[in-house]
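Participant: The structure is given below, and queries will be raised subsequently.
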Amino acid sequence: MRKEHQGEPNILIEESSPYLLQHAYNPVNWRPWNDKSLAEAKKTNKPLLISIGYSACHWCHVMERESFEDSTVAEIMNENFICIKVDREERPDIDHIYMDAVQLMSGRGGWPLNCFALPDGRPFYGGTYFPREQWKDILLQLSNLYQSDKKKVEEYADKLTTGLIQNELIEKVDVPRAFSNTILKKAVDQWRMNFDSKHGGNNYAPKFPMPNNYEFLLHYLDQNEDIELKNHLLLTLDKMAQGGIYDQIGGGFARYSTDMEWKVPHFEKMLYDNAQLISLYSNAFKVFKEESYKEVVEESISFLKREMCNGKGVYYSALDADSEGEEGLFYTWAKTELKEILTTEEYALAEDYFNINKQGEWEGRYIPLRRGRKEEFAEKNQQGLSSLSEQIASIKEKMFQARSNRVRPGLDDKSLTSWNALLMKGYLDAYEAFGESEYLSEAISIANFILVKQMNEEGKLMHSYKDGVSSINGFLEDYSFTLEAFVQLYENTFDNTWLTLAEKLADRCLEYFYDPTSSYFFFNSSEDTELINRKIEKADNVIPASNSSLCKTLFKLGSLLSNQEYLDISDQMLANSMNMMEEHIAYSSNWAQQLLIRSKEFHEIAIVGKEALSLGKEIRSNYLPNSIIVGSIDEATEIELLKNKWVNGKSLIYVCVEKTCKRPVEVAESAIEQIN
């Protein structure tokens with residue numbers, strides 16, 4: 001538990017961000033990022049100290065305890081700098097710029113991110129976590145340098161800012177007449193040299209789940225026979241779900257693992273990770289029909305609804321890594337605790353099944369780790385699967401109830417449009433894989449939250465929502481992920497409302513974010529206050545790049561609406577990104593999925609008739625990444641793909657490629673055969 005606040009708060013007490021509020025009682029004279037703070041720096045001619053983090057970040061807490069709560073350190077900071085705290089989740093645009101700067105300077109990045117800049121915002125030094133004494137030395141050295149040789153500091157800031165701007169310069173390339181995916185085989189072959197053949201994922205730590213990497217591999221395997229790649233994907237999905245990065249008792253994934261074995265996470269849980277991993281395991285279930293993947297999805301959804309939902313269709317951002325001032329305390333166990341709540345027989349099974357042994361030991365406590373698939377464990381122990389499942393369920397329930405009495409990790413209760421849109425898509429993927437109507441209802445609830453609270457009549461989105469207040473102009477990620485989810489929501493409901501809204505959002509992107517010079521889209525709207533650089537987000541990371549998401553969706557939306565402008569822009573964006581795929585497939589895997597779509601037949605599946613929805617649901621339970629579905633339960637339609645396809649008294653499925661359709665069929669299985 002965090003210590004009691006003492007003394008007067010700083011100005012951050014007026015903010016809504018949980019991360020900024022965590023620092024409101026620091027002796028540092030923190031300010032938020034706004035015009036007033038920047039004007040103060042120019043007026044006093046003090047350099048900026050821009051410190052960026054997020055509420056669930058373990059090392060952010062460590063640096064706060066060591067340095068920002070220390071009055072001696074605070075005095076140095078207050079005297080020599082205008083100190084600005086930024087929540088990277090509220091202001092990803094600011095985070096992008098100063099993260100790029102620190103990576104240019106040092107070759108590495110992360111949070112907490114601490115960047116020093118001239119009063120006008122141009123950076124000249126930065127890094128991540130600094131221990132207290134090193135931090136004090138850096139503060140004094142930079143302050144002395146700024147006062148004694150300001151010209152040298154300005155020259156370096158000029159060069160660094162020029163480098164940041166040059167990174168965003170993109171030249172259009174010629175769009176090929178036909179896209180080819182031949183570059184992907186070479187890129188994948190280079191990538192597989194970094195695979196961990198024992199634990200899955202990449203062969204280095206820390207290990208991040210990187211959901212879009214594995215979504216790409218699913219899609220790639222759909223078009224390419226590759227047993228080694230298939231086995232690596234299965235191994236990775238299994239090991240992540242069996243490791244400590246997955247909460248074996250309460251469901252849901254932590255942000256990343258600190259080791260090679262997916263064993264010890266930094267225990268923060270983020271909405272964006274869990275949203276995307278629900279999508280990944282749902283799509284993997286479509287392909288492999290592995291029951292453990294269904295269990296991961298069900299438990300992760302239960303976790304989100306239980307601990308991160310406000311009950312009104314909107315989801316919060318994150319759960320902290322720490323509780324009672326200690327990392328992972330909420331999620332780890334002492335043997336004595338387990339022996340108190342379990343019978344002797346149950347404890348023996350839990351000790352074996354969850355590795356309450358040397359394998360699961362961490363800092364004197366134990367992280368539950370699942371020992372293989374349930375079926376394998378039952379067979380090894382000559383036990384019936386049904387009996388084992390019942391016993392494990394009972395053990396987990398007792399552990400869950402005991403854990404519920406502990407002090408909970410802190411909750412970041414702001415709701416971000418972009419991350420909620422990712423979860424909307426997660427619910428839709430789960431609905432398609434498992435057919436549970438509840439999942440579709442949850443997706444519609446999120447969509448309605450965005451529509452009612454975060455979007456105005458002109459299609460303008462807001463980024464953040466907290467305590468009934470919407471704030472911060474939407475960034476490209478808010479538009480791109482909402483667009484992607486709205487299109488998929490249309491495919492699952494055939495409700496034209498979502499298609500109309502998607503078109504409105506796409507047109508707003510073209511008006512306020514589009515860069516005709518490159519055919520990419522800026523991260524910030526042209527309505528926003530200018531920063532030192534206008535970022536174009538191209539690289540896929542743990543969250544896909546907003547541009548790659550928009551590239552995929554403009555193609556789908558253009559296909560649905562017969563909008564050639566959307567299709568042309570999507571193809572230009574894809575062509576511009578081909579070199580990136582060749583060089584760094586792991587950081588362009590969402591782009592690569594669009595290349596897989598454009599280099600093979602793309603199926604437009606049109607369904608008409610009274611049974612259109614049920615036929616669509618049956619078709620979408622299959623893994624069909626190179627397709628889009630359009631449908632109607634009545635004859636009236638403005639959608640070109642549906643025109644002249646209605647036959648009274650029949651429900652028909654048309655499988656089309658570039659609007660040329662095969663003979664209509666009445667059974668979903670027949671349509672799947674035509675596609676395959």
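In the structure tokens, chains take the letters A, B, ... in the order shown, each chain's residues start at 1, and ligands count up from 1 in the order shown.
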If you count only C-alpha atoms, which residues fall within 12 Å of Lys380 (chain A), apart from same-chain ones fewer than 6 positions away, as a list in words?
Facilitator: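 The residues satisfying every condition are Asp352, Tyr353, Arg371, Gly372, Arg373, Lys374 and Leu388 of chain A.
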Participant: What's the 6 Å shell around region 470-479 of chain A, counting only C-alpha atoms, without same-chain residues fewer than 4 positions away, as a list in words?
Facilitator: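 So, after excluding close chain neighbours, the residues are Thr417, Ser418, Leu461, Met462, His463, Ser464, Tyr465, Leu483, Phe523, Asn524 and Ser546 of chain A.
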Participant: Write out, as an mmCIF file, in the first residue's frame, the residues just selected, with C-alpha atoms.
Facilitator:
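The resulting file, out-v3.cif, is shown below:
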```cif
data_model
loop_
_atom_site.group_PDB
_atom_site.id
_atom_site.type_symbol
_atom_site.label_atom_id
_atom_site.label_comp_id
_atom_site.auth_asym_id
_atom_site.auth_seq_id
_atom_site.Cartn_x
_atom_site.Cartn_y
_atom_site.Cartn_z
ATOM 1 C CA THR A 417 -11.064 4.933 -27.031
ATOM 2 C CA SER A 418 -8.283 3.112 -28.896
ATOM 3 C CA LEU A 461 -13.351 11.199 -31.603
ATOM 4 C CA MET A 462 -12.026 11.960 -28.147
ATOM 5 C CA HIS A 463 -9.170 9.894 -26.732
ATOM 6 C CA SER A 464 -9.810 9.563 -22.976
ATOM 7 C CA TYR A 465 -12.833 9.221 -20.698
ATOM 8 C CA LEU A 483 -12.745 1.937 -37.774
ATOM 9 C CA PHE A 523 -0.572 10.495 -35.598
ATOM 10 C CA ASN A 524 -1.973 13.909 -34.547
ATOM 11 C CA SER A 546 -2.132 3.077 -36.492
#
```
Participant: Provide the CA of Val487 (chain A) to CA of Leu304 (chain A) distance in Å, to one decimal place.
Facilitator: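 Computed distance, CA of Val487 (chain A) to CA of Leu304 (chain A), equals 23.3 Å.
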Participant: With the cut-off set at 9 Å and counting only C-alpha atoms, tabulate each residue of region 229-332 of chain A with an atom at most that distance from an atom of region 193-200 of chain A, showing the nearest atom pair and its distance in Å to one decimal, ordered by chain and increasing number, as CSV.
Facilitator:
```
residue,atom,partner,partner_atom,distance
A:His232,CA,A:Gly200,CA,6.1
A:Leu233,CA,A:Gly200,CA,7.4
A:Leu234,CA,A:Gly200,CA,8.3
A:Leu235,CA,A:Gly200,CA,5.4
A:Thr236,CA,A:Gly200,CA,4.0
A:Leu237,CA,A:Gly200,CA,7.8
A:Asp238,CA,A:Gly200,CA,8.4
A:Lys239,CA,A:His199,CA,6.1
A:Met240,CA,A:Gly200,CA,8.1
A:Met260,CA,A:His199,CA,7.1
A:Glu261,CA,A:His199,CA,5.7
A:Trp262,CA,A:His199,CA,7.8
```
Participant: Skipping near chain neighbours, those fewer than 3 positions away, what residues fall within 9 Å of Trp419 (chain A) using only C-alpha atoms, listed as a PyMOL selection string?
Facilitator: chain A and resi 271-272+275+315-317+415-416+422-424+477-478+481
Participant: Find the residues near region 527-536 of chain A: any atom within 7 Å, counting only C-alpha atoms, skip ones fewer than 4 places away on the same chain, and give them as a list in words.
Facilitator: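 Near neighbours after the sequence-gap exclusion: Gly121, Arg122, Ile165, Glu168, Phe521, Phe522 and Phe523 of chain A.
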Participant: Could you pull out all residues of region 57-271 of chain A with a DSSP call of strand (DSSP E) and give them as a list of chain:residue names?
Facilitator: A:Ile82, A:Cys83, A:Ile84, A:Lys85, A:Val86, A:Asp87, A:Leu113, A:Asn114, A:Cys115, A:Phe116, A:Ala117, A:Pro123, A:Phe124, A:Tyr125, A:Gly126, A:Gly127, A:Tyr256, A:Ser257, A:Pro265, A:His266, A:Lys269, A:Met270
Participant: What does the file look like for those residues with N, CA and C atoms, as a PDB file, in the first residue's frame?
Facilitator:
```
ATOM      1  N   ILE A  82      12.069  23.092 -15.440  1.00  0.00           N
ATOM      2  CA  ILE A  82      10.605  23.056 -15.419  1.00  0.00           C
ATOM      3  C   ILE A  82      10.238  21.592 -15.599  1.00  0.00           C
ATOM      4  N   CYS A  83       9.720  21.009 -14.531  1.00  0.00           N
ATOM      5  CA  CYS A  83       9.512  19.552 -14.489  1.00  0.00           C
ATOM      6  C   CYS A  83       8.081  19.216 -14.926  1.00  0.00           C
ATOM      7  N   ILE A  84       7.980  18.425 -15.981  1.00  0.00           N
ATOM      8  CA  ILE A  84       6.678  18.094 -16.563  1.00  0.00           C
ATOM      9  C   ILE A  84       6.462  16.588 -16.504  1.00  0.00           C
ATOM     10  N   LYS A  85       5.317  16.202 -15.961  1.00  0.00           N
ATOM     11  CA  LYS A  85       4.925  14.796 -15.912  1.00  0.00           C
ATOM     12  C   LYS A  85       3.925  14.517 -17.033  1.00  0.00           C
ATOM     13  N   VAL A  86       4.140  13.414 -17.755  1.00  0.00           N
ATOM     14  CA  VAL A  86       3.267  13.037 -18.862  1.00  0.00           C
ATOM     15  C   VAL A  86       2.823  11.589 -18.687  1.00  0.00           C
ATOM     16  N   ASP A  87       1.525  11.359 -18.804  1.00  0.00           N
ATOM     17  CA  ASP A  87       0.967  10.009 -18.846  1.00  0.00           C
ATOM     18  C   ASP A  87       1.043   9.545 -20.296  1.00  0.00           C
ATOM     19  N   LEU A 113      10.459   7.175 -18.851  1.00  0.00           N
ATOM     20  CA  LEU A 113      11.237   7.871 -19.863  1.00  0.00           C
ATOM     21  C   LEU A 113      11.515   9.278 -19.352  1.00  0.00           C
ATOM     22  N   ASN A 114      12.775   9.648 -19.275  1.00  0.00           N
ATOM     23  CA  ASN A 114      13.153  10.974 -18.772  1.00  0.00           C
ATOM     24  C   ASN A 114      13.965  11.685 -19.837  1.00  0.00           C
ATOM     25  N   CYS A 115      13.411  12.778 -20.351  1.00  0.00           N
ATOM     26  CA  CYS A 115      14.049  13.485 -21.453  1.00  0.00           C
ATOM     27  C   CYS A 115      14.198  14.962 -21.105  1.00  0.00           C
ATOM     28  N   PHE A 116      15.378  15.509 -21.362  1.00  0.00           N
ATOM     29  CA  PHE A 116      15.666  16.923 -21.101  1.00  0.00           C
ATOM     30  C   PHE A 116      15.597  17.672 -22.431  1.00  0.00           C
ATOM     31  N   ALA A 117      14.945  18.844 -22.405  1.00  0.00           N
ATOM     32  CA  ALA A 117      14.725  19.588 -23.635  1.00  0.00           C
ATOM     33  C   ALA A 117      14.889  21.088 -23.403  1.00  0.00           C
ATOM     34  N   PRO A 123      14.684  18.243 -27.728  1.00  0.00           N
ATOM     35  CA  PRO A 123      15.407  17.431 -26.744  1.00  0.00           C
ATOM     36  C   PRO A 123      16.921  17.499 -26.926  1.00  0.00           C
ATOM     37  N   PHE A 124      17.645  17.318 -25.801  1.00  0.00           N
ATOM     38  CA  PHE A 124      19.112  17.266 -25.906  1.00  0.00           C
ATOM     39  C   PHE A 124      19.740  16.159 -25.055  1.00  0.00           C
ATOM     40  N   TYR A 125      18.972  15.515 -24.195  1.00  0.00           N
ATOM     41  CA  TYR A 125      19.512  14.386 -23.419  1.00  0.00           C
ATOM     42  C   TYR A 125      18.333  13.580 -22.881  1.00  0.00           C
ATOM     43  N   GLY A 126      18.562  12.268 -22.685  1.00  0.00           N
ATOM     44  CA  GLY A 126      17.485  11.471 -22.110  1.00  0.00           C
ATOM     45  C   GLY A 126      17.902  10.056 -21.803  1.00  0.00           C
ATOM     46  N   GLY A 127      17.029   9.362 -21.084  1.00  0.00           N
ATOM     47  CA  GLY A 127      17.249   7.967 -20.732  1.00  0.00           C
ATOM     48  C   GLY A 127      15.994   7.411 -20.092  1.00  0.00           C
ATOM     49  N   TYR A 256       4.489  -8.390 -19.860  1.00  0.00           N
ATOM     50  CA  TYR A 256       5.600  -9.128 -20.463  1.00  0.00           C
ATOM     51  C   TYR A 256       6.287  -9.970 -19.412  1.00  0.00           C
ATOM     52  N   SER A 257       7.128 -10.888 -19.891  1.00  0.00           N
ATOM     53  CA  SER A 257       7.909 -11.759 -19.021  1.00  0.00           C
ATOM     54  C   SER A 257       9.347 -11.262 -18.971  1.00  0.00           C
ATOM     55  N   PRO A 265       6.609 -12.352 -14.757  1.00  0.00           N
ATOM     56  CA  PRO A 265       6.244 -11.111 -15.445  1.00  0.00           C
ATOM     57  C   PRO A 265       6.580  -9.894 -14.588  1.00  0.00           C
ATOM     58  N   HIS A 266       6.589  -8.712 -15.220  1.00  0.00           N
ATOM     59  CA  HIS A 266       6.239  -7.527 -14.449  1.00  0.00           C
ATOM     60  C   HIS A 266       4.726  -7.582 -14.414  1.00  0.00           C
ATOM     61  N   LYS A 269      -1.183  -5.538 -15.602  1.00  0.00           N
ATOM     62  CA  LYS A 269      -2.091  -6.063 -16.630  1.00  0.00           C
ATOM     63  C   LYS A 269      -2.675  -4.881 -17.398  1.00  0.00           C
ATOM     64  N   MET A 270      -2.522  -4.921 -18.724  1.00  0.00           N
ATOM     65  CA  MET A 270      -2.960  -3.821 -19.574  1.00  0.00           C
ATOM     66  C   MET A 270      -4.151  -4.258 -20.413  1.00  0.00           C
TER      67      MET A 270
END
```
Participant: Run DSSP on the backbone and give me the residues of region 345-473 of chain A it puts in helix (DSSP H, G or I), as an MDAnalysis selection string.
Facilitator: chainID A and resid 345:353 374:380 385:404 417:434 437:454
Participant: May I have the residues within 9 Å of Ala41 (chain A) as a list in words, using only C-alpha atoms and disregarding those fewer than 4 positions away in the same chain?
Facilitator: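 Using only C-alpha atoms, the neighbours found are Lys36, Ser37, Asn45, Lys46, Pro47, Leu48, Phe81, Ile82, Leu118, Pro119 and Asp120 of chain A.
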Participant: Those selected residues, please, written with N, CA and C atoms and delivered as a PDB file, in the first residue's frame.
Facilitator:
```pdb
ATOM      1  N   LYS A  36       0.608  26.571 -20.612  1.00  0.00           N
ATOM      2  CA  LYS A  36       1.074  27.353 -19.467  1.00  0.00           C
ATOM      3  C   LYS A  36       2.440  26.866 -18.985  1.00  0.00           C
ATOM      4  N   SER A  37       2.613  25.562 -18.906  1.00  0.00           N
ATOM      5  CA  SER A  37       3.895  24.998 -18.455  1.00  0.00           C
ATOM      6  C   SER A  37       5.014  25.329 -19.430  1.00  0.00           C
ATOM      7  N   ASN A  45      13.544  30.766 -18.901  1.00  0.00           N
ATOM      8  CA  ASN A  45      14.698  30.254 -19.643  1.00  0.00           C
ATOM      9  C   ASN A  45      15.313  29.031 -18.962  1.00  0.00           C
ATOM     10  N   LYS A  46      14.424  28.200 -18.399  1.00  0.00           N
ATOM     11  CA  LYS A  46      14.881  26.942 -17.805  1.00  0.00           C
ATOM     12  C   LYS A  46      14.617  25.795 -18.775  1.00  0.00           C
ATOM     13  N   PRO A  47      15.509  24.803 -18.814  1.00  0.00           N
ATOM     14  CA  PRO A  47      15.232  23.634 -19.659  1.00  0.00           C
ATOM     15  C   PRO A  47      14.063  22.821 -19.089  1.00  0.00           C
ATOM     16  N   LEU A  48      13.440  22.081 -19.966  1.00  0.00           N
ATOM     17  CA  LEU A  48      12.356  21.187 -19.574  1.00  0.00           C
ATOM     18  C   LEU A  48      12.922  19.846 -19.128  1.00  0.00           C
ATOM     19  N   PHE A  81      15.052  23.160 -13.370  1.00  0.00           N
ATOM     20  CA  PHE A  81      14.259  22.691 -14.505  1.00  0.00           C
ATOM     21  C   PHE A  81      12.780  23.021 -14.320  1.00  0.00           C
ATOM     22  N   ILE A  82      12.069  23.092 -15.440  1.00  0.00           N
ATOM     23  CA  ILE A  82      10.605  23.056 -15.419  1.00  0.00           C
ATOM     24  C   ILE A  82      10.238  21.592 -15.599  1.00  0.00           C
ATOM     25  N   LEU A 118      15.160  21.794 -24.484  1.00  0.00           N
ATOM     26  CA  LEU A 118      15.174  23.256 -24.435  1.00  0.00           C
ATOM     27  C   LEU A 118      13.765  23.766 -24.115  1.00  0.00           C
ATOM     28  N   PRO A 119      13.643  25.016 -23.698  1.00  0.00           N
ATOM     29  CA  PRO A 119      12.311  25.549 -23.365  1.00  0.00           C
ATOM     30  C   PRO A 119      11.297  25.431 -24.503  1.00  0.00           C
ATOM     31  N   ASP A 120      11.767  25.339 -25.753  1.00  0.00           N
ATOM     32  CA  ASP A 120      10.833  25.196 -26.879  1.00  0.00           C
ATOM     33  C   ASP A 120      10.512  23.737 -27.192  1.00  0.00           C
TER      34      ASP A 120
END
```
Participant: Excluding region 400-406 of chain A and any residue of its chain fewer than 4 positions from it, enumerate the residues within 10 Å of it, using only C-alpha atoms, and give them as a ChimeraX atom specification.
Facilitator: /A:248-250,323-324,329-333,337-338,340-341,394-396
Participant: Expressed in Å to a single decimal, how great is the separation between CA of Met77 (chain A) and CA of Gly107 (chain A)?
Facilitator: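 Atom-to-atom, CA of Met77 (chain A) to CA of Gly107 (chain A), that is 25.4 Å.
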Participant: So what do you get for CA of Ser282 (chain A) versus CA of Val630 (chain A), distance-wise?
Facilitator: 21.6 Å
Participant: With distances taken over only C-alpha atoms, which residue among A:Ile94, A:Ala443, A:Leu411, A:Cys509 lies nearest Gln22 (chain A)?
Facilitator: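 Using only C-alpha atoms, Gln22 (chain A) sits closest to A:Leu411.
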Participant: For each of A:Asp222, A:Glu442, A:Glu89, A:Asp259, take the minimum atom-to-atom distance to Asn622 (chain A), counting only C-alpha atoms, then give the residue where this is smallest.
Facilitator: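 Under the stated criterion, the closest residue is A:Asp222.
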Participant: Using only C-alpha atoms, which residue out of A:Met573, A:Val542, A:Ile11, A:Ala187 lies closest to Asn29 (chain A)?
Facilitator: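 That would be A:Ile11, the residue with the smallest distance to Asn29 (chain A).
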